[in-house]
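Undergrad: Let me begin by handing over the structure; questions about it come next.
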Amino acid sequence: MSDEVDDLSFPNAVITRLMNEALEGSPTISKEARAAMSRAALTFILYISTTANQYASSAKRKTVTVQDIFKALQSNQFDMLVEPLQEALKEQTRKKKEESAKKQQNQPESTVENDENDEIENEIENEDNEPYRIYRSYVVNRKPFFRQNCRRQVFVGTALRRHSIQENFNNIEHSQSGKKPYLRMSSNTTSSASGHEEKAYPVFPWFGIDIGGTLVKLVYFEPLDLTADEIRSEGEILMNIRRYLTSNRAYGEDGVRDDELELSNIELGGRRGTLHFIRFPTSKMMNFIDMCVMRNLHTLTFQIFATGGGAYKFEKDIVDKLQISWCKCDELDTLMKGLCYISKLNSKECFYYEEPQNDANPNKHPFVFDIKHPFLLVNIGSGISILHVESESSYRRITGTSIGGGTFLGLCCLLTGCSSYDEAIQLASEGDSTKVDKLVKDIYGGDYERFGLPGHIVASSFGHMNLLEKREQASKADLARATLVTVLNNIGSISMMCAQTENVDRVLFSGSFLRINEVSMRILAYAMDYWSRGKIKAIFLEHEGYFSAVGCLRQFIMDTNNDDTDLTNSTQK
Amino acid sequence: MDTKSHNGIEHSNTNISKHTKMTNNTVSPITNGQQSCEENTIPAFPWFAMDIGGTLVKLVYFEPLDLNPEEVELEGEILMNIRHYLTSNRAYGEDGFRDHALELNNVRLGGRRGNLHFIRFPTSKMSNFIDLCISKHLHTLTFKVFATGGGAYKFEHDAVERLKLSWCKCDELETLIKGLSYLSKLNPNECFYYEEPENNENSNKIPFKFNIRNPFLLVNIGSGISILHVESETSYRRITGTSIGGATFLGLCCLLTGCSGYEEAIKLASEGDSTTVDKLVKDIYGGDYERFGLPGHIVACSFGHMNLPEKREQASKADLARATLVTVLNNIGSISMMCARTENVDRILFSGSFLRINDLSMRILAYAMDYWSEGKIKAIFLEHEGYFSAVGCLGEYIMDENDLTDISQS
């Protein structure tokens, strides 16, 4: 198909002229830009025509009419084009009637149809025709319609997935030329302090959001260098949101800002500000949307890059209610991006335990992390993904398991009646899992020497619980502890197998399961250390589950600037 | 019958290979269990082997059918009573069961012809079992028991002291492979696979011609799980294991549903719907997670819904039991797949008592293997599920070359 398509291209002169009309100050348009525009227009025509043809076919007509085109535009959510087109059509029809009335006076035998076709062709060339001018006025004046309706471009991207435009979008860092067939939102052309006039900053507020299976992780960049102009034009709504977010640590019943994770005075996208880390349960997503509506967020025009399963699941609701531009990213891509960024930004981000079993010694040692050496990344969210990472852009997902953080929480709620993660972790830290689990020594009376399994290893999780007397002796704390140990041992075991197979000696653990969960980190560190005889190191991260959200934010900045200079300039001052 | 012409054991492993040869009724001094196992003779009847596992004791009893008149005379009342007691009952007390559907008739073993019986009872009743033996005067006889599993070490002292018998221990994985080798040659219907695992209408258990000489993965699902890479009868290694096994399923079911036995737990699980308990990919994504090829119906997070009270209220006991089963099985399947790929084998055999009367589990495993490997890796199951170690243990002391190369049920 692509071969045929290449043969059909618009005349370059026409493209250039049209683009110049829309852009102020007659800037130079590169060849590639023109080619991209030509291809975009072509794709647009193909797509709308196909849809329109479907309408015609379903009405059992062979002719595609202008109404079919209008319907096709509407159903592909280009509603904003329909209005000016209808106006232009009205104007066209009016003119036609006038002229055919004139002609009929002079030459009654000419057919109206032929003349119509001729005149349409003529009129395209004629810049002064009224319908074209009406349409142009929308573009040139850059009325809000264009910005507000930018969410449509997301749907174009989605609809054209088969043409692998979405692929390009998701793997933006791979397309080195940076040319994306994806309409970029027009931006606030504020001149930055560094004086780069062509650098466009995305509109504030700057958010990144990761909607996971259990928790929503939100990252908010609070600008500290707003100019007087910006503050004036900021508007009350945005200012209120900024104040609300940064002066509270809890929002309603479920929202929490992890203020100890706050990264202040960092540079991002050429601006200076503070990164805030906020979370709330995914089950409260609809409440969150309502709260945004209440704070008039839906009257603002801005863009959010979102990841996690919920970015797909909640897309429709969010776009419908909040009218924002919603750009979806893959959660593992953004995880990598966020990890690279924060590990360079925060020298204390990565750490390991020297003596995991020694509770007296907190011994968190910072670990200088270099992403260029291959490592295993185990992301423990509701479920678990294990990635083999060779560099920031080169990684693969090896395997995963469904026995993750969500399993621990769910089982604890069932077995102990607790109702939150914090409660479950607290219980687990107090319990003794050996009352619940069957150890090797319970079965062998000692070690299983033949295969090097010492007596204190768990042979069978919950292995005692089929006996009534044992169930009666086990407390809630014991059950919680056993659940934790079961989930962690499984993670450790699978991670070990993968590390050995992939021949890496470092395993990084990320994900919200390790939030406030030192007991888990120590258990994992100890298990890795023990089974690998010290060869494989377990490394942990301060910002646990927020990496994907940060990656989204980074993607958002990079996408606008069309580069990744935010990384090289970013140092916490 | 001339006992002296019988060979010792055929293999030359590092294991105990010398055996006691005793004519019937010889009272040999029992100094300690280990020593008497090292002489080179065929042991006296009765021939018992036990695999004392974490949850279940598996007992294999060889009932001789070719006792000559001399032997019958010398047998003595005690032994005869025991023989009759075992072979004419299917249940013993409250907890003992003879899986008579698994009985193998007319087998050749150690030069004798007889029936192999398969009996089980909970390990928690081991003390009661010893008492039972005493009540039947077993301790007045002199014979050997061949024991494997963890309990062979844990209960050695008790058993030897109270029953005064000779206690010969073997390694459970060594005997597992031996037993598998022996039974798979003996019983052509031993190994089978499912053609259409999801199709409940079609029972489709298809016999699988199993050759132990081609490498395969052996996943033994007992209380806990061991995964072995087997290249031949004598060459294998334990790759890994997991503690989330059969006893985890049973223990969690007892806690979550209040059931009190394995049969009850399996029955509940067969009636439940795990999707009210587990969070699937589509619950998180609203559809498939296409980027990494994860369709919406895959479980993303086991028990993932259970942190919400409304979901907990909606989930029935059967749902919880089913979710527990599916969680344990998916984990087994996933780890087995990883191992099979790493070790480059295309056949995985599943053994162990967890798959007893558990058609549901076998189908779930078969389907999972088939799906994730795109049909490349075959899941194979075994009729005698958890009894292989016990059989292998018997074989350790009794089997000779003839038993393994010239196997035919006559």
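Chain lettering (A, B, ...) mirrors the order of the structure tokens, residue numbering begins at 1 for each chain separately, and ligand numbering begins at 1 in order of display.
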Check every residue of chain A for an atom within 6 Å of chain B, counting only C-alpha atoms, and provide those that qualify as a count of residues only.

TA: 23

Undergrad: Could you write out, as number ranges by chain, all the residues of segment 257-323 of chain B that DSSP marks as alpha helix (DSSP H)?

TA: B: 257, 262-271, 281-285, 309-314, 317-323

Undergrad: Kindly export the residues of the current selection with N, CA, C and O atoms, as a CSV table (one decimal), in the first residue's frame.

TA:
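Dumped to selection-v6.csv:
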```
chain,number,residue,atom,x,y,z
B,257,THR,N,-11.9,-20.9,53.6
B,257,THR,CA,-13.3,-21.4,53.3
B,257,THR,C,-13.8,-22.2,54.5
B,257,THR,O,-14.9,-22.6,54.5
B,262,TYR,N,-8.8,-32.3,51.8
B,262,TYR,CA,-8.4,-32.0,50.4
B,262,TYR,C,-9.5,-32.2,49.5
B,262,TYR,O,-9.7,-31.4,48.6
B,263,GLU,N,-10.3,-33.3,49.7
B,263,GLU,CA,-11.4,-33.6,48.7
B,263,GLU,C,-12.4,-32.5,48.7
B,263,GLU,O,-12.9,-32.1,47.7
B,264,GLU,N,-12.7,-32.0,49.9
B,264,GLU,CA,-13.6,-30.9,50.1
B,264,GLU,C,-13.1,-29.6,49.3
B,264,GLU,O,-13.9,-29.0,48.6
B,265,ALA,N,-11.8,-29.4,49.5
B,265,ALA,CA,-11.2,-28.2,48.9
B,265,ALA,C,-11.3,-28.2,47.4
B,265,ALA,O,-11.7,-27.3,46.7
B,266,ILE,N,-11.0,-29.4,46.8
B,266,ILE,CA,-11.0,-29.6,45.4
B,266,ILE,C,-12.4,-29.4,44.9
B,266,ILE,O,-12.7,-28.8,43.8
B,267,LYS,N,-13.4,-30.0,45.6
B,267,LYS,CA,-14.8,-29.9,45.2
B,267,LYS,C,-15.2,-28.5,45.1
B,267,LYS,O,-15.8,-28.0,44.2
B,268,LEU,N,-14.9,-27.7,46.2
B,268,LEU,CA,-15.3,-26.3,46.2
B,268,LEU,C,-14.7,-25.6,45.0
B,268,LEU,O,-15.3,-24.8,44.3
B,269,ALA,N,-13.4,-25.9,44.8
B,269,ALA,CA,-12.7,-25.2,43.7
B,269,ALA,C,-13.3,-25.4,42.4
B,269,ALA,O,-13.4,-24.5,41.5
B,270,SER,N,-13.8,-26.7,42.2
B,270,SER,CA,-14.4,-27.0,40.9
B,270,SER,C,-15.7,-26.2,40.6
B,270,SER,O,-16.1,-26.1,39.5
B,271,GLU,N,-16.3,-25.7,41.7
B,271,GLU,CA,-17.5,-25.0,41.5
B,271,GLU,C,-17.4,-23.5,41.5
B,271,GLU,O,-18.4,-22.7,41.2
B,281,VAL,N,-5.9,-8.8,33.5
B,281,VAL,CA,-5.3,-7.7,32.8
B,281,VAL,C,-6.4,-6.7,32.3
B,281,VAL,O,-6.3,-5.5,32.4
B,282,LYS,N,-7.6,-7.3,31.9
B,282,LYS,CA,-8.6,-6.4,31.4
B,282,LYS,C,-9.2,-5.5,32.5
B,282,LYS,O,-9.8,-4.4,32.3
B,283,ASP,N,-9.1,-5.9,33.8
B,283,ASP,CA,-9.6,-5.1,34.9
B,283,ASP,C,-8.7,-3.9,35.1
B,283,ASP,O,-9.1,-2.9,35.6
B,284,ILE,N,-7.4,-4.0,34.6
B,284,ILE,CA,-6.5,-2.9,34.8
B,284,ILE,C,-6.4,-2.1,33.6
B,284,ILE,O,-6.4,-0.8,33.6
B,285,TYR,N,-6.4,-2.8,32.4
B,285,TYR,CA,-6.2,-2.1,31.1
B,285,TYR,C,-7.5,-1.7,30.4
B,285,TYR,O,-7.6,-1.0,29.5
B,309,PRO,N,-13.8,-4.0,50.2
B,309,PRO,CA,-14.8,-4.7,51.0
B,309,PRO,C,-15.9,-5.2,50.1
B,309,PRO,O,-16.4,-6.4,50.3
B,310,GLU,N,-16.4,-4.4,49.1
B,310,GLU,CA,-17.5,-4.9,48.3
B,310,GLU,C,-17.2,-6.1,47.5
B,310,GLU,O,-18.0,-7.0,47.3
B,311,LYS,N,-15.9,-6.2,47.1
B,311,LYS,CA,-15.5,-7.4,46.3
B,311,LYS,C,-15.4,-8.6,47.2
B,311,LYS,O,-15.8,-9.7,46.8
B,312,ARG,N,-15.0,-8.4,48.4
B,312,ARG,CA,-14.9,-9.5,49.4
B,312,ARG,C,-16.2,-10.1,49.7
B,312,ARG,O,-16.4,-11.3,49.8
B,313,GLU,N,-17.2,-9.2,49.8
B,313,GLU,CA,-18.6,-9.7,50.1
B,313,GLU,C,-19.2,-10.5,48.9
B,313,GLU,O,-19.9,-11.4,49.1
B,314,GLN,N,-18.7,-10.1,47.7
B,314,GLN,CA,-19.3,-10.8,46.5
B,314,GLN,C,-18.7,-12.1,46.3
B,314,GLN,O,-19.2,-13.0,45.5
B,317,LYS,N,-17.2,-18.8,48.9
B,317,LYS,CA,-16.1,-19.7,49.3
B,317,LYS,C,-15.6,-20.5,48.1
B,317,LYS,O,-14.4,-20.7,48.0
B,318,ALA,N,-16.5,-20.9,47.2
B,318,ALA,CA,-16.1,-21.6,46.1
B,318,ALA,C,-15.1,-20.8,45.2
B,318,ALA,O,-14.1,-21.2,44.7
B,319,ASP,N,-15.5,-19.5,45.1
B,319,ASP,CA,-14.6,-18.6,44.3
B,319,ASP,C,-13.2,-18.5,44.9
B,319,ASP,O,-12.2,-18.5,44.2
B,320,LEU,N,-13.2,-18.4,46.3
B,320,LEU,CA,-11.9,-18.3,46.9
B,320,LEU,C,-11.1,-19.5,46.7
B,320,LEU,O,-9.9,-19.5,46.5
B,321,ALA,N,-11.8,-20.7,46.8
B,321,ALA,CA,-11.0,-21.9,46.7
B,321,ALA,C,-10.5,-22.0,45.2
B,321,ALA,O,-9.3,-22.4,45.0
B,322,ARG,N,-11.3,-21.6,44.3
B,322,ARG,CA,-10.9,-21.7,42.9
B,322,ARG,C,-9.7,-20.8,42.7
B,322,ARG,O,-8.7,-21.1,42.0
B,323,ALA,N,-9.8,-19.6,43.2
B,323,ALA,CA,-8.7,-18.6,43.1
B,323,ALA,C,-7.4,-19.1,43.7
B,323,ALA,O,-6.3,-19.0,43.1
```

Undergrad: Might you pull out every residue within 7 Å of segment 87-96 of chain B, with only C-alpha atoms counted and same-chain residues fewer than 5 positions away left off, and present them as a ChimeraX atom specification?

TA: /B:120-122

Undergrad: Write out the residues from the selection above, keeping C-alpha atoms, as a tab-separated table (two decimals), in the first residue's frame.

TA:
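Listed below is the output, result-v1.tsv:
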```
chain	number	residue	atom	x	y	z
B	120	ARG	CA	-1.98	-43.46	51.98
B	121	PHE	CA	-2.68	-41.63	55.23
B	122	PRO	CA	-1.84	-38.19	56.64
```

Undergrad: Determine, counting only C-alpha atoms, which protein, DNA and RNA residues have an atom within 7 Å of an atom of segment 509-520 of chain A; residues of the same chain fewer than 5 positions away are not included. Present the result as a list of chain:residue names.

TA: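 Residues meeting the cut-off are A:Leu377, A:Val378, A:Asn379, A:Ile380, A:Gly381, A:Gly405, A:Ser429, A:Ile539, A:Phe540, A:Leu541, A:Glu544, A:Gly545.
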
Undergrad: Compile the contact shell of Ser548 of chain A as a PyMOL selection string: residues with an atom at most 10 Å away, counting only C-alpha atoms, same-chain residues fewer than 6 positions apart removed.

TA: chain A and resi 208-212+217-219+306-308+329-339+511+554

Undergrad: Enter the distance from atom CA of Leu245 of chain A to atom CA of Phe277 of chain A, in Å, rounded to one decimal.

TA: 9.9 Å

Undergrad: Tell me, as a ChimeraX atom specification, which residues lie within 8 Å of Glu233 of chain B, counting only C-alpha atoms; anything in the same chain fewer than 5 positions away does not count.

TA: /B:177-178,181,212-213

Undergrad: Print the selection's residues with N, CA, C and O atoms to a file, as a tab-separated table (two decimals), in the first residue's frame.

TA:
```tsv
chain	number	residue	atom	x	y	z
B	177	ILE	N	12.70	-40.88	40.58
B	177	ILE	CA	13.08	-41.20	39.21
B	177	ILE	C	13.05	-42.71	38.98
B	177	ILE	O	12.57	-43.19	37.95
B	178	LYS	N	13.52	-43.44	39.94
B	178	LYS	CA	13.52	-44.90	39.84
B	178	LYS	C	12.12	-45.44	39.70
B	178	LYS	O	11.83	-46.27	38.84
B	181	SER	N	10.65	-44.62	36.38
B	181	SER	CA	11.22	-45.49	35.35
B	181	SER	C	10.55	-46.87	35.35
B	181	SER	O	10.15	-47.40	34.32
B	212	ILE	N	12.22	-42.83	29.07
B	212	ILE	CA	12.94	-42.05	30.07
B	212	ILE	C	14.30	-41.58	29.56
B	212	ILE	O	14.97	-40.78	30.20
B	213	ARG	N	14.72	-42.09	28.42
B	213	ARG	CA	16.06	-41.70	27.98
B	213	ARG	C	16.12	-40.38	27.25
B	213	ARG	O	17.18	-39.83	27.01
```

Undergrad: Enumerate as a ChimeraX atom specification all residues of segment 73-313 of chain B assigned to strand (DSSP E or B) by DSSP on the backbone, naming them with the chain letters and numbers the document uses.

TA: /B:91-92,96-98,104-109,112-122,144-148,166-169,191-194,205-207,216-221,225-230,236-242,279-280,289,294,299-301

Undergrad: For segment 343-349 of chain B, list every protein, DNA or RNA residue within 7 Å, evaluated using only C-alpha atoms, and leave out those in the same chain fewer than 6 positions away; present the list as a list in words.

TA: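 Neighbouring residues, sequence-local ones excluded: Pro215, Phe216, Leu217, Leu218, Val219, Lys376, Ile377, Lys378, Ala379, Ile380 and Phe381 of chain B.
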
Undergrad: Could you write out the selected residues, including N, CA, C and O atoms, as a compact mmCIF listing (two decimals), in the first residue's frame?

TA:
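Result file is again12.txt:
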```txt
# COMPACT_ATOMS: atom_id res chain seq x y z
N PRO B 215 15.62 -36.41 27.41
CA PRO B 215 15.56 -35.45 28.52
C PRO B 215 14.17 -34.85 28.69
O PRO B 215 13.47 -34.59 27.72
N PHE B 216 13.80 -34.66 29.93
CA PHE B 216 12.52 -34.02 30.22
C PHE B 216 12.61 -33.32 31.57
O PHE B 216 13.58 -33.50 32.31
N LEU B 217 11.58 -32.52 31.84
CA LEU B 217 11.50 -31.83 33.12
C LEU B 217 10.51 -32.60 33.99
O LEU B 217 9.45 -33.00 33.50
N LEU B 218 10.87 -32.79 35.23
CA LEU B 218 9.95 -33.47 36.14
C LEU B 218 9.57 -32.50 37.25
O LEU B 218 10.43 -32.00 37.97
N VAL B 219 8.29 -32.19 37.33
CA VAL B 219 7.81 -31.27 38.35
C VAL B 219 7.04 -32.07 39.37
O VAL B 219 5.96 -32.58 39.08
N LYS B 376 4.35 -25.76 21.90
CA LYS B 376 5.64 -26.45 21.74
C LYS B 376 5.96 -27.38 22.90
O LYS B 376 6.67 -28.37 22.73
N ILE B 377 5.47 -27.00 24.10
CA ILE B 377 5.82 -27.81 25.27
C ILE B 377 4.60 -28.60 25.72
O ILE B 377 3.52 -28.05 25.88
N LYS B 378 4.83 -29.91 25.92
CA LYS B 378 3.73 -30.80 26.26
C LYS B 378 3.70 -31.07 27.77
O LYS B 378 4.74 -31.37 28.35
N ALA B 379 2.52 -31.00 28.35
CA ALA B 379 2.35 -31.35 29.76
C ALA B 379 1.88 -32.81 29.85
O ALA B 379 0.88 -33.16 29.23
N ILE B 380 2.62 -33.62 30.59
CA ILE B 380 2.29 -35.04 30.70
C ILE B 380 2.01 -35.38 32.16
O ILE B 380 2.70 -34.90 33.05
N PHE B 381 1.00 -36.21 32.36
CA PHE B 381 0.60 -36.56 33.72
C PHE B 381 0.74 -38.05 33.96
O PHE B 381 0.92 -38.83 33.04
```

Undergrad: How far is it from atom CA of Thr483 of chain A to atom CA of Val326 of chain B, in Å with one decimal?

TA: 16.8 Å

Undergrad: In Å, with one decimal, what is the gap from atom CA of Val72 of chain B to atom CA of Phe45 of chain B?

TA: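 Separating atom CA of Val72 of chain B from atom CA of Phe45 of chain B is a distance of 11.3 Å.
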